[in-house]
file my_file_22.cif (mmCIF, C-alpha atoms)
data_run
loop_
_atom_site.label_atom_id
_atom_site.label_comp_id
_atom_site.auth_asym_id
_atom_site.auth_seq_id
_atom_site.Cartn_x
_atom_site.Cartn_y
_atom_site.Cartn_z
CA MET A 1 -6.77 16.41 -11.19
CA ARG A 2 -5.47 13.97 -8.61
CA LYS A 3 -7.85 12.52 -6.03
CA LYS A 4 -7.09 11.26 -2.55
CA ARG A 5 -8.96 8.02 -3.18
CA ASN A 6 -11.10 6.26 -5.77
CA PRO A 7 -14.58 6.15 -4.22
CA GLN A 8 -15.96 4.01 -7.05
CA CYS A 9 -13.40 1.22 -6.68
CA SER A 10 -14.38 -1.88 -4.78
CA MET A 11 -13.25 -2.16 -1.19
CA GLU A 12 -13.18 -5.95 -1.58
CA LEU A 13 -10.26 -7.82 -3.09
CA HIS A 14 -10.80 -10.24 -5.94
CA TYR A 15 -10.84 -13.41 -3.84
CA VAL A 16 -8.32 -16.11 -4.63
CA PRO A 17 -7.92 -19.00 -2.17
CA HIS A 18 -4.24 -18.34 -1.51
CA GLU A 19 -2.11 -17.02 1.35
CA ILE A 20 -1.08 -13.94 -0.64
CA CYS A 21 -4.73 -12.95 -1.02
CA SER A 22 -5.25 -13.31 2.73
CA GLN A 23 -2.17 -11.23 3.47
CA LEU A 24 -3.13 -8.46 1.05
CA SER A 25 -6.65 -8.47 2.43
CA GLY A 26 -5.30 -7.92 5.95
CA ILE A 27 -3.01 -5.13 4.77
CA SER A 28 -5.93 -3.56 2.91
CA GLN A 29 -8.13 -3.64 6.00
CA TRP A 30 -5.36 -2.04 8.04
CA LEU A 31 -4.93 0.72 5.44
CA ASP A 32 -8.70 1.31 5.37
CA ALA A 33 -8.60 1.79 9.15
CA HIS A 34 -6.09 4.63 8.67
CA PRO A 35 -7.56 7.06 6.10
CA GLN A 36 -5.17 9.78 7.25
CA PHE A 37 -2.47 8.03 5.20
CA ASN A 38 -4.22 9.17 2.01
CA ASP A 39 -4.04 12.78 3.21
CA TRP A 40 -0.31 12.50 3.91
CA ILE A 41 0.39 10.88 0.53
CA TYR A 42 -1.78 13.48 -1.24
CA GLU A 43 0.31 16.27 0.33
CA ASP A 44 3.53 14.64 -0.91
CA LEU A 45 2.14 14.16 -4.41
CA SER A 46 0.71 17.68 -4.57
CA SER A 47 4.11 19.18 -3.83
CA GLY A 48 5.33 17.70 -7.12
CA ASP A 49 2.32 18.75 -9.25
CA LYS A 50 3.08 21.16 -12.04
CA GLN A 51 -0.54 21.94 -12.87
CA ASN A 52 -3.77 20.14 -13.57
CA THR A 53 -3.46 19.05 -17.17
CA GLY A 54 -4.66 16.02 -19.06
CA ARG A 55 -6.42 13.06 -17.58
CA ASN A 56 -6.72 12.03 -13.96
CA GLY A 57 -3.63 10.50 -12.43
CA LEU A 58 -3.47 7.75 -9.84
CA SER A 59 -5.17 8.62 -6.57
CA ALA A 60 -3.04 9.12 -3.48
CA GLU A 61 -4.53 5.90 -2.12
CA SER A 62 -3.48 3.97 -5.25
CA VAL A 63 0.06 5.36 -5.07
CA LEU A 64 0.41 4.30 -1.43
CA ARG A 65 -0.93 0.84 -2.16
CA ALA A 66 1.33 0.46 -5.21
CA ALA A 67 4.35 1.48 -3.10
CA LEU A 68 3.46 -1.09 -0.45
CA LEU A 69 2.83 -3.74 -3.11
CA LYS A 70 6.24 -3.03 -4.63
CA GLN A 71 7.81 -3.59 -1.24
CA TYR A 72 5.66 -6.65 -0.54
CA LEU A 73 6.67 -8.25 -3.85
CA ASN A 74 10.26 -7.02 -3.53
CA CYS A 75 10.22 -6.15 -7.21
CA ASP A 76 11.34 -3.41 -9.59
CA TYR A 77 9.03 -0.87 -11.23
CA ASP A 78 8.91 -2.76 -14.52
CA TYR A 79 7.53 -5.89 -12.83
CA LEU A 80 5.18 -3.81 -10.66
CA SER A 81 3.77 -2.21 -13.80
CA PHE A 82 3.30 -5.64 -15.36
CA VAL A 83 1.47 -7.18 -12.39
CA LEU A 84 -0.79 -4.12 -12.15
CA MET A 85 -1.79 -4.71 -15.77
CA ASP A 86 -2.05 -8.48 -15.49
CA SER A 87 -3.36 -9.41 -12.04
CA MET A 88 -6.91 -8.64 -10.95
CA LEU A 89 -5.94 -9.24 -7.31
CA PHE A 90 -3.11 -6.68 -7.41
CA ARG A 91 -5.26 -4.18 -9.35
CA ASP A 92 -8.00 -4.54 -6.72
CA PHE A 93 -5.49 -4.13 -3.90
CA CYS A 94 -4.19 -0.89 -5.45
CA ARG A 95 -7.78 0.25 -6.15
CA LEU A 96 -7.05 1.09 -9.75
CA GLU A 97 -9.85 2.25 -12.01
CA PRO A 98 -10.60 -0.07 -14.95
CA ASN A 99 -8.86 2.19 -17.47
CA GLN A 100 -5.73 2.81 -15.40
CA ARG A 101 -2.57 1.08 -16.58
CA PRO A 102 0.33 2.82 -14.79
CA SER A 103 3.66 2.61 -16.58
CA ARG A 104 6.99 1.84 -14.99
CA SER A 105 8.07 5.48 -15.28
CA SER A 106 4.86 6.91 -13.80
CA LEU A 107 5.01 4.49 -10.85
CA HIS A 108 8.64 5.39 -10.24
CA GLY A 109 7.94 9.11 -10.51
CA LEU A 110 4.98 9.02 -8.13
CA ILE A 111 6.42 6.68 -5.51
CA SER A 112 9.68 8.65 -5.44
CA LEU A 113 7.69 11.78 -4.43
CA LEU A 114 6.73 10.16 -1.12
CA THR A 115 8.84 11.67 1.64
CA ALA A 116 10.76 9.95 4.39
CA SER A 117 8.70 11.80 7.00
CA THR A 118 5.48 10.36 5.52
CA TRP A 119 6.89 6.83 5.64
CA GLU A 120 8.01 7.44 9.21
CA ARG A 121 4.49 8.51 10.21
CA ILE A 122 3.01 5.42 8.56
CA ASN A 123 5.55 3.19 10.30
CA ASN A 124 4.76 4.82 13.64
CA CYS A 125 1.08 3.95 13.12
CA GLN A 126 2.13 0.41 12.28
CA LEU A 127 4.10 0.18 15.51
CA MET A 128 1.23 1.64 17.55
CA THR A 129 -1.15 -0.96 16.10
CA ALA A 130 1.32 -3.72 16.92
CA LEU A 131 1.63 -2.45 20.49
CA LYS A 132 -2.16 -2.30 20.91
CA VAL A 133 -2.49 -5.99 20.10
CA ASP A 134 0.65 -6.89 22.08
CA ILE A 135 2.69 -8.22 19.17
CA LYS A 136 6.35 -8.81 19.82
CA PRO A 137 8.71 -7.49 17.12
CA HIS A 138 10.99 -9.80 15.22
CA PRO A 139 14.65 -8.80 15.05
CA PRO A 140 15.14 -6.23 12.28
CA HIS A 141 15.91 -7.79 8.92
CA LYS A 142 17.94 -5.61 6.56
CA GLY A 143 16.57 -2.49 8.20
CA LEU A 144 12.93 -3.45 7.62
CA ILE A 145 10.39 -3.57 10.41
CA LEU A 146 8.55 -6.84 10.09
CA TYR A 147 5.86 -8.09 12.43
CA ALA A 148 4.22 -11.46 12.31
CA LEU A 149 0.53 -10.88 12.87
CA ASN A 150 -0.83 -14.32 12.27
CA ASN A 151 -4.36 -14.58 13.68
CA HIS A 152 -4.19 -11.43 15.79
CA PRO A 153 -7.47 -9.48 15.76
CA VAL A 154 -7.21 -5.75 15.19
CA GLN A 155 -10.40 -3.69 15.39
CA GLY A 156 -12.51 -6.81 14.96
CA VAL A 157 -10.81 -8.12 11.81
CA LEU A 158 -7.99 -10.54 11.22
CA VAL A 159 -4.80 -8.91 10.09
CA SER A 160 -2.64 -10.57 7.46
CA HIS A 161 0.28 -12.82 8.21
CA TYR A 162 2.67 -9.90 7.70
CA PHE A 163 2.14 -6.26 8.33
CA PRO A 164 3.21 -3.93 5.54
CA ARG A 165 6.97 -3.76 5.59
CA SER A 166 8.73 -0.50 6.20
CA PRO A 167 9.26 1.08 2.79
CA VAL A 168 12.69 2.41 3.70
CA ALA A 169 14.08 0.74 0.59
CA PHE A 170 12.05 2.94 -1.78
#
call {"tool": "encode", "arguments": {"input": "my_file_22.cif", "output": "structure tokens"}}
result
Amino acid sequence: MRKKRNPQCSMELHYVPHEICSQLSGISQWLDAHPQFNDWIYEDLSSGDKQNTGRNGLSAESVLRAALLKQYLNCDYDYLSFVLMDSMLFRDFCRLEPNQRPSRSSLHGLISLLTASTWERINNCQLMTALKVDIKPHPPHKGLILYALNNHPVQGVLVSHYFPRSPVAF
């Protein structure tokens, strides 16, 4: 049975004194401020469910975070699978349970179930957040919406250097 989120997983990232850790922490805080995303992703994933068999799959929250991490790293599913097995920081960001080791094919299958309308809704929230803190957009780069959010407070926390990029390329 798929869950919307993993309540037992730590909300804190494994701290590494590096810019990537700071960026992922900011993205994570922004995602935490928008729990409705998990509901939207869960709906997309549930439309592809055959039936509840076997062990628990990735939560909707983990699938969303893995999709954003794939875009952030600009990598293929094979490399995404590897870093989710190898890196504690990336595992924490995706809120994977200790026994979860998603394969390339399962990541591809799950992320490909996410609809364009869901990504559009997430991107609209991203734009609304940027407007609230008066951030000026950069010119579009290869169709991706990219905002520099260096040291701009959002809801009392610092947001990462880059907002999550538009996952149009999925």
call {"tool": "closest_residue", "arguments": {"input": "my_file_22.cif", "among": "A:Gln126, A:Leu24, A:Arg104, A:Ile41", "to": "A:Ser62", "atoms": "all atoms listed in the file"}}
result
A:Ile41
call {"tool": "atom_distance", "arguments": {"input": "my_file_22.cif", "atom1": "atom CA of A:Ser106", "atom2": "atom CA of A:Ala66"}}
result
11.3 Å
call {"tool": "residues_around", "arguments": {"input": "my_file_22.cif", "residues": "stretch 117-122 of chain A", "least_positions_apart": "2", "cutoff": "7 Å", "atoms": "all atoms listed in the file", "output": "short mmCIF file (atom, residue, chain, number, x, y, z; two decimals) with C-alpha atoms, in the frame of the given file"}}
result
data_model
loop_
_atom_site.label_atom_id
_atom_site.label_comp_id
_atom_site.auth_asym_id
_atom_site.auth_seq_id
_atom_site.Cartn_x
_atom_site.Cartn_y
_atom_site.Cartn_z
CA PHE A 37 -2.47 8.03 5.20
CA TRP A 40 -0.31 12.50 3.91
CA LEU A 114 6.73 10.16 -1.12
CA THR A 115 8.84 11.67 1.64
CA ASN A 124 4.76 4.82 13.64
CA CYS A 125 1.08 3.95 13.12
CA GLN A 126 2.13 0.41 12.28
CA PRO A 167 9.26 1.08 2.79
#
call {"tool": "closest_residue", "arguments": {"input": "my_file_22.cif", "among": "A:Ala116, A:Ala130, A:Glu43, A:Leu84", "to": "A:Pro102", "atoms": "all atoms listed in the file"}}
result
A:Leu84
call {"tool": "closest_residue", "arguments": {"input": "my_file_22.cif", "among": "A:Tyr42, A:Phe82, A:Tyr77, A:Phe90", "to": "A:Ile20", "atoms": "only C-alpha atoms"}}
result
A:Phe90
call {"tool": "closest_residue", "arguments": {"input": "my_file_22.cif", "among": "A:Phe93, A:Pro17, A:Asp76, A:Leu69", "to": "A:Asp32", "atoms": "all atoms listed in the file"}}
result
A:Phe93
call {"tool": "atom_distance", "arguments": {"input": "my_file_22.cif", "atom1": "atom CA of A:Leu58", "atom2": "atom CA of A:Trp30"}}
result
20.5 Å
call {"tool": "closest_residue", "arguments": {"input": "my_file_22.cif", "among": "A:Leu45, A:Val63, A:Leu110, A:Leu31", "to": "A:Arg91", "atoms": "all atoms listed in the file"}}
result
A:Val63
call {"tool": "closest_residue", "arguments": {"input": "my_file_22.cif", "among": "A:Arg101, A:Ile111, A:Leu96, A:Ser87", "to": "A:Gln71", "atoms": "only C-alpha atoms"}}
result
A:Ile111
call {"tool": "atom_distance", "arguments": {"input": "my_file_22.cif", "atom1": "atom CA of A:Glu61", "atom2": "atom CA of A:Ile27"}}
result
13.1 Å
